[in-house]
>>> print(open('model-v6.txt').read())   # compact mmCIF, C-alpha atoms and all ligand atoms
# COMPACT_ATOMS: atom_id res chain seq x y z
CA MET A 1 -7.67 -18.55 -34.27
CA ASN A 2 -5.07 -16.46 -32.66
CA PRO A 3 -6.53 -13.01 -32.20
CA ARG A 4 -3.09 -11.50 -31.84
CA LYS A 5 -1.94 -12.69 -35.22
CA LYS A 6 -3.51 -10.50 -37.81
CA SER A 7 -3.84 -11.43 -41.43
CA ARG A 8 -1.71 -9.28 -43.69
CA THR A 9 -4.20 -9.55 -46.51
CA ALA A 10 -7.44 -8.33 -45.01
CA ARG A 11 -10.08 -8.93 -47.62
CA LEU A 12 -12.80 -7.05 -45.84
CA PRO A 13 -12.64 -3.34 -45.35
CA GLY A 14 -11.42 -3.27 -41.81
CA GLY A 15 -12.50 -1.25 -38.85
CA PRO A 16 -11.74 2.42 -38.65
CA GLY A 17 -8.07 3.17 -38.44
CA ASP A 18 -6.82 -0.37 -38.42
CA ALA A 19 -6.62 -0.91 -42.16
CA VAL A 20 -5.12 2.41 -43.17
CA PRO A 21 -2.60 1.64 -45.92
CA CYS A 22 0.93 2.18 -44.74
CA PRO A 23 2.51 5.37 -46.10
CA CYS A 24 5.64 3.41 -47.07
CA GLY A 25 3.72 1.80 -49.93
CA SER A 26 4.20 -1.78 -48.77
CA GLN A 27 0.52 -2.58 -49.49
CA HIS A 28 0.18 -3.62 -45.85
CA ALA A 29 -1.94 -1.92 -43.25
CA TYR A 30 -0.08 0.68 -41.24
CA ALA A 31 -0.89 -1.29 -38.09
CA ASP A 32 0.86 -4.35 -39.56
CA CYS A 33 3.78 -2.52 -41.11
CA CYS A 34 5.49 0.64 -39.86
CA GLY A 35 3.02 1.33 -37.05
CA PRO A 36 4.55 -1.07 -34.50
CA LEU A 37 8.03 0.27 -35.28
CA HIS A 38 6.86 3.81 -34.68
CA GLU A 39 5.61 2.63 -31.31
CA GLY A 40 8.97 1.22 -30.34
CA ALA A 41 9.23 -2.28 -31.78
CA PRO A 42 12.70 -3.04 -33.17
CA ALA A 43 12.92 -3.21 -36.95
CA PRO A 44 13.62 -6.76 -38.14
CA ASP A 45 16.09 -5.54 -40.74
CA ALA A 46 17.50 -2.39 -42.28
CA ALA A 47 14.95 -2.35 -45.07
CA ALA A 48 12.10 -2.32 -42.55
CA LEU A 49 13.79 0.54 -40.72
CA MET A 50 14.17 2.36 -44.03
CA ARG A 51 10.45 2.00 -44.69
CA SER A 52 9.49 3.12 -41.22
CA ARG A 53 11.70 6.19 -41.51
CA TYR A 54 10.10 7.09 -44.83
CA SER A 55 6.67 6.72 -43.21
CA ALA A 56 7.89 8.92 -40.36
CA TYR A 57 8.82 11.62 -42.87
CA VAL A 58 5.37 11.35 -44.42
CA MET A 59 3.68 11.54 -41.03
CA GLY A 60 5.96 14.17 -39.55
CA LEU A 61 7.30 11.99 -36.73
CA HIS A 62 10.40 14.00 -35.79
CA GLY A 63 11.04 11.96 -32.68
CA TYR A 64 11.11 8.67 -34.50
CA LEU A 65 13.55 9.96 -37.10
CA LEU A 66 15.93 11.12 -34.39
CA ALA A 67 15.49 7.95 -32.33
CA THR A 68 16.47 5.78 -35.31
CA TRP A 69 19.44 7.95 -36.30
CA HIS A 70 22.79 6.71 -35.06
CA PRO A 71 24.16 9.06 -32.37
CA SER A 72 27.41 9.57 -34.30
CA THR A 73 25.63 11.18 -37.25
CA ARG A 74 22.35 12.33 -35.72
CA PRO A 75 21.50 15.99 -36.32
CA GLN A 76 20.36 18.24 -33.50
CA GLN A 77 16.88 18.21 -34.90
CA VAL A 78 14.93 17.18 -37.96
CA ASP A 79 13.13 20.09 -39.47
CA LEU A 80 10.07 18.80 -41.28
CA ASP A 81 8.23 22.09 -41.16
CA VAL A 82 9.94 23.52 -44.21
CA ASP A 83 8.13 25.80 -46.60
CA PRO A 84 7.21 24.71 -49.16
CA SER A 85 6.89 21.31 -47.57
CA PRO A 86 7.41 18.25 -49.75
CA ARG A 87 4.46 16.03 -50.51
CA TRP A 88 5.74 12.48 -50.38
CA LEU A 89 4.48 10.27 -53.18
CA GLY A 90 6.12 6.90 -52.75
CA LEU A 91 9.10 4.83 -51.77
CA GLU A 92 10.89 2.22 -53.84
CA ILE A 93 13.57 0.14 -52.15
CA ARG A 94 15.89 -0.98 -54.92
CA ARG A 95 18.46 -2.91 -52.95
CA HIS A 96 18.90 -4.18 -49.45
CA VAL A 97 22.28 -5.76 -48.86
CA PRO A 98 23.53 -7.05 -45.51
CA THR A 99 27.23 -6.10 -45.44
CA GLY A 100 28.04 -7.77 -42.13
CA PRO A 101 26.38 -9.22 -39.05
CA ASP A 102 25.32 -5.77 -37.87
CA THR A 103 25.64 -3.60 -40.95
CA ALA A 104 23.59 -3.21 -44.10
CA ILE A 105 23.01 -0.86 -46.96
CA ALA A 106 19.74 -0.02 -48.64
CA GLU A 107 19.31 1.84 -51.86
CA PHE A 108 16.03 3.61 -52.37
CA VAL A 109 14.24 6.18 -54.44
CA ALA A 110 11.69 8.38 -52.74
CA ARG A 111 9.42 10.48 -54.91
CA TYR A 112 7.88 13.72 -53.78
CA ARG A 113 6.47 16.96 -55.05
CA LEU A 114 7.91 20.26 -54.01
CA ALA A 115 6.12 23.44 -54.97
CA GLY A 116 4.24 21.52 -57.64
CA ARG A 117 7.34 19.94 -59.18
CA ALA A 118 8.06 16.22 -59.10
CA GLN A 119 11.35 15.36 -57.42
CA ARG A 120 13.30 12.21 -56.69
CA LEU A 121 15.57 11.44 -53.80
CA HIS A 122 17.94 8.62 -54.69
CA GLU A 123 20.08 7.52 -51.79
CA VAL A 124 22.27 4.62 -50.76
CA SER A 125 21.93 4.54 -46.99
CA ARG A 126 24.10 2.77 -44.47
CA PHE A 127 22.60 1.16 -41.41
CA VAL A 128 24.16 -0.30 -38.29
CA ARG A 129 22.66 -2.50 -35.59
CA VAL A 130 23.43 -1.76 -31.97
CA ASP A 131 22.01 -3.89 -29.17
CA GLY A 132 19.51 -5.46 -31.54
CA ARG A 133 18.19 -2.22 -32.97
CA TRP A 134 18.91 -0.86 -36.42
CA TYR A 135 19.97 2.74 -36.88
CA TYR A 136 20.38 4.93 -39.92
CA LEU A 137 24.03 5.95 -40.18
CA ASP A 138 24.47 8.03 -43.31
CA GLY A 139 23.90 7.99 -47.03
CA ASP A 140 25.46 8.64 -50.41
CA PHE A 141 23.66 10.06 -53.35
CA PRO A 142 24.42 8.26 -56.61
CA ALA A 143 25.32 10.85 -59.23
CA SER A 144 22.08 12.01 -60.73
CA GLY A 145 21.30 15.65 -61.05
CA SER A 146 20.23 17.72 -58.15
CA MET A 147 21.83 15.90 -55.24
CA VAL A 148 25.42 15.91 -56.55
CA THR A 149 26.74 18.33 -53.95
CA ALA A 150 26.35 15.71 -51.26
CA ALA A 151 28.58 13.33 -53.21
CA CYS A 152 31.47 15.80 -53.52
CA ASP A 153 33.10 14.62 -50.32
CA ALA A 154 33.30 11.07 -51.58
CA ALA A 155 34.70 12.20 -54.92
CA GLY A 156 37.62 13.79 -53.15
ZN ZN B 201 5.16 0.58 -43.77
>>> encode(input="model-v6.txt", output="structure tokens")
Amino acid sequence: MNPRKKSRTARLPGGPGDAVPCPCGSQHAYADCCGPLHEGAPAPDAAALMRSRYSAYVMGLHGYLLATWHPSTRPQQVDLDVDPSPRWLGLEIRRHVPTGPDTAIAEFVARYRLAGRAQRLHEVSRFVRVDGRWYYLDGDFPASGSMVTAACDAAG
């Protein structure tokens, strides 16, 4: 028994707090999934960083979003206190493709409700690893409805 190595499939309802399902929808406990990343552990890959950033949106962790944003594209601040605020419903990572030793892309769909209406955010994000830590670089929005304006630059 190694008390530091926790089972990922806790069959018993765990103690308070410890077994809270992770907001990223991984089916793992928050403490075994995005929690350690939010506390400063490096993400093992870009997909894990993607999940932890989604969880940070759900939980309103502005600092984590900024800390995992590459300095070249990082905004001054992340405003999560918008009105009406989105209610995040789930994350689906469709693709995770390493594109080099320190670069990767991840395609995801995040679902949320805004003012009672179901919405989807479909993004292909680019990630880069610097000094062993993954950072979100930027993203493209595959042509699908409401997010097309962000793709105009690429269309030229
Ligand atoms: Zn998670």
>>> residues_near_ligand(input="model-v6.txt", ligand="ligand ZN 201 (chain B)", cutoff="7 Å", atoms="only C-alpha atoms and all ligand atoms", output="PyMOL selection string")
chain A and resi 22-26+28+30+33-34+51-52+55
>>> atom_distance(input="model-v6.txt", atom1="CA of Pro142 in chain A", atom2="CA of Val78 in chain A")
22.7 Å
>>> residues_around(input="model-v6.txt", residues="Asp102 in chain A", least_positions_apart="5", cutoff="10 Å", atoms="only C-alpha atoms", output="number ranges by chain")
A: 45-46, 127-134
>>> residues_around(input="model-v6.txt", residues="Leu91 in chain A", least_positions_apart="2", cutoff="8 Å", atoms="only C-alpha atoms", output="VMD selection string")
chain A and resid 24 to 25 51 54 89 93 108 to 111
>>> write_last_selection(input="model-v6.txt", atoms="C-alpha atoms", output="short mmCIF file (atom, residue, chain, number, x, y, z; two decimals), in the frame of the given file")
data_model
loop_
_atom_site.label_atom_id
_atom_site.label_comp_id
_atom_site.auth_asym_id
_atom_site.auth_seq_id
_atom_site.Cartn_x
_atom_site.Cartn_y
_atom_site.Cartn_z
CA CYS A 24 5.64 3.41 -47.07
CA GLY A 25 3.72 1.80 -49.93
CA ARG A 51 10.45 2.00 -44.69
CA TYR A 54 10.10 7.09 -44.83
CA LEU A 89 4.48 10.27 -53.18
CA ILE A 93 13.57 0.14 -52.15
CA PHE A 108 16.03 3.61 -52.37
CA VAL A 109 14.24 6.18 -54.44
CA ALA A 110 11.69 8.38 -52.74
CA ARG A 111 9.42 10.48 -54.91
#
>>> atom_distance(input="model-v6.txt", atom1="CA of Ile105 in chain A", atom2="CA of Ala47 in chain A")
8.4 Å
>>> closest_residue(input="model-v6.txt", among="A:Leu137, A:Val20, A:Leu114, A:Val124", to="Ser72 in chain A", atoms="only C-alpha atoms")
A:Leu137
>>> atom_distance(input="model-v6.txt", atom1="CA of Tyr57 in chain A", atom2="CA of Gln27 in chain A")
17.7 Å
>>> axis_aligned_box(input="model-v6.txt", around="range 37-52 of chain A", padding_each_side="8 Å", output="JSON")
{"center_x": 11.6, "center_y": -1.5, "center_z": -37.7, "size_x": 27.9, "size_y": 26.6, "size_z": 30.7}
>>> closest_residue(input="model-v6.txt", among="A:His122, A:Asp81, A:Leu61, A:Tyr136", to="Ala48 in chain A", atoms="all atoms listed in the file")
A:Tyr136
>>> closest_residue(input="model-v6.txt", among="A:Phe141, A:Tyr135, A:Arg126, A:Ala41", to="Pro71 in chain A", atoms="only C-alpha atoms")
A:Tyr135
>>> closest_residue(input="model-v6.txt", among="A:Ala31, A:Leu121, A:Pro36, A:Trp88", to="Gly60 in chain A", atoms="only C-alpha atoms")
A:Trp88
>>> closest_residue(input="model-v6.txt", among="A:Asp32, A:Glu123, A:Glu92, A:Glu39", to="Gly139 in chain A", atoms="all atoms listed in the file")
A:Glu123
>>> closest_residue(input="model-v6.txt", among="A:Met50, A:Pro44, A:His96, A:Arg120", to="Trp69 in chain A", atoms="all atoms listed in the file")
A:Met50
>>> decode(input="model-v6.txt", residues="range 70-88 of chain A", atoms="N, CA and C atoms", output="PDB file, in the first residue's frame")
ATOM      1  N   HIS A  70       0.326  31.333 -23.187  1.00  0.00           N
ATOM      2  CA  HIS A  70       1.665  31.727 -23.598  1.00  0.00           C
ATOM      3  C   HIS A  70       1.798  33.250 -23.610  1.00  0.00           C
ATOM      4  N   PRO A  71       2.916  33.778 -23.093  1.00  0.00           N
ATOM      5  CA  PRO A  71       3.064  35.232 -22.981  1.00  0.00           C
ATOM      6  C   PRO A  71       2.855  35.980 -24.298  1.00  0.00           C
ATOM      7  N   SER A  72       3.153  35.334 -25.427  1.00  0.00           N
ATOM      8  CA  SER A  72       3.036  36.035 -26.706  1.00  0.00           C
ATOM      9  C   SER A  72       1.590  36.298 -27.104  1.00  0.00           C
ATOM     10  N   THR A  73       0.653  35.534 -26.562  1.00  0.00           N
ATOM     11  CA  THR A  73      -0.753  35.711 -26.940  1.00  0.00           C
ATOM     12  C   THR A  73      -1.650  35.978 -25.731  1.00  0.00           C
ATOM     13  N   ARG A  74      -1.075  36.056 -24.562  1.00  0.00           N
ATOM     14  CA  ARG A  74      -1.846  36.182 -23.332  1.00  0.00           C
ATOM     15  C   ARG A  74      -2.547  37.546 -23.273  1.00  0.00           C
ATOM     16  N   PRO A  75      -3.841  37.547 -22.969  1.00  0.00           N
ATOM     17  CA  PRO A  75      -4.533  38.827 -22.797  1.00  0.00           C
ATOM     18  C   PRO A  75      -4.163  39.468 -21.464  1.00  0.00           C
ATOM     19  N   GLN A  76      -4.493  40.736 -21.346  1.00  0.00           N
ATOM     20  CA  GLN A  76      -4.218  41.443 -20.093  1.00  0.00           C
ATOM     21  C   GLN A  76      -4.926  40.773 -18.922  1.00  0.00           C
ATOM     22  N   GLN A  77      -6.144  40.379 -19.177  1.00  0.00           N
ATOM     23  CA  GLN A  77      -6.903  39.719 -18.127  1.00  0.00           C
ATOM     24  C   GLN A  77      -7.959  38.828 -18.757  1.00  0.00           C
ATOM     25  N   VAL A  78      -8.431  37.882 -17.983  1.00  0.00           N
ATOM     26  CA  VAL A  78      -9.514  37.019 -18.427  1.00  0.00           C
ATOM     27  C   VAL A  78     -10.751  37.425 -17.658  1.00  0.00           C
ATOM     28  N   ASP A  79     -11.734  37.874 -18.375  1.00  0.00           N
ATOM     29  CA  ASP A  79     -12.939  38.352 -17.713  1.00  0.00           C
ATOM     30  C   ASP A  79     -13.977  37.240 -17.679  1.00  0.00           C
ATOM     31  N   LEU A  80     -14.096  36.606 -16.525  1.00  0.00           N
ATOM     32  CA  LEU A  80     -15.078  35.527 -16.392  1.00  0.00           C
ATOM     33  C   LEU A  80     -16.366  36.023 -15.755  1.00  0.00           C
ATOM     34  N   ASP A  81     -16.376  37.279 -15.356  1.00  0.00           N
ATOM     35  CA  ASP A  81     -17.550  37.801 -14.665  1.00  0.00           C
ATOM     36  C   ASP A  81     -18.484  38.507 -15.649  1.00  0.00           C
ATOM     37  N   VAL A  82     -18.722  37.850 -16.778  1.00  0.00           N
ATOM     38  CA  VAL A  82     -19.596  38.452 -17.768  1.00  0.00           C
ATOM     39  C   VAL A  82     -21.048  38.190 -17.397  1.00  0.00           C
ATOM     40  N   ASP A  83     -21.921  39.030 -17.920  1.00  0.00           N
ATOM     41  CA  ASP A  83     -23.330  38.905 -17.602  1.00  0.00           C
ATOM     42  C   ASP A  83     -24.122  38.915 -18.899  1.00  0.00           C
ATOM     43  N   PRO A  84     -24.877  37.895 -19.248  1.00  0.00           N
ATOM     44  CA  PRO A  84     -25.060  36.687 -18.439  1.00  0.00           C
ATOM     45  C   PRO A  84     -23.833  35.787 -18.521  1.00  0.00           C
ATOM     46  N   SER A  85     -23.555  35.104 -17.437  1.00  0.00           N
ATOM     47  CA  SER A  85     -22.380  34.248 -17.423  1.00  0.00           C
ATOM     48  C   SER A  85     -22.751  32.871 -17.975  1.00  0.00           C
ATOM     49  N   PRO A  86     -21.845  32.280 -18.741  1.00  0.00           N
ATOM     50  CA  PRO A  86     -22.133  30.958 -19.290  1.00  0.00           C
ATOM     51  C   PRO A  86     -22.159  29.899 -18.199  1.00  0.00           C
ATOM     52  N   ARG A  87     -23.008  28.923 -18.394  1.00  0.00           N
ATOM     53  CA  ARG A  87     -23.013  27.767 -17.492  1.00  0.00           C
ATOM     54  C   ARG A  87     -22.421  26.610 -18.286  1.00  0.00           C
ATOM     55  N   TRP A  88     -21.229  26.184 -17.878  1.00  0.00           N
ATOM     56  CA  TRP A  88     -20.499  25.182 -18.635  1.00  0.00           C
ATOM     57  C   TRP A  88     -21.087  23.814 -18.394  1.00  0.00           C
TER      58      TRP A  88
END
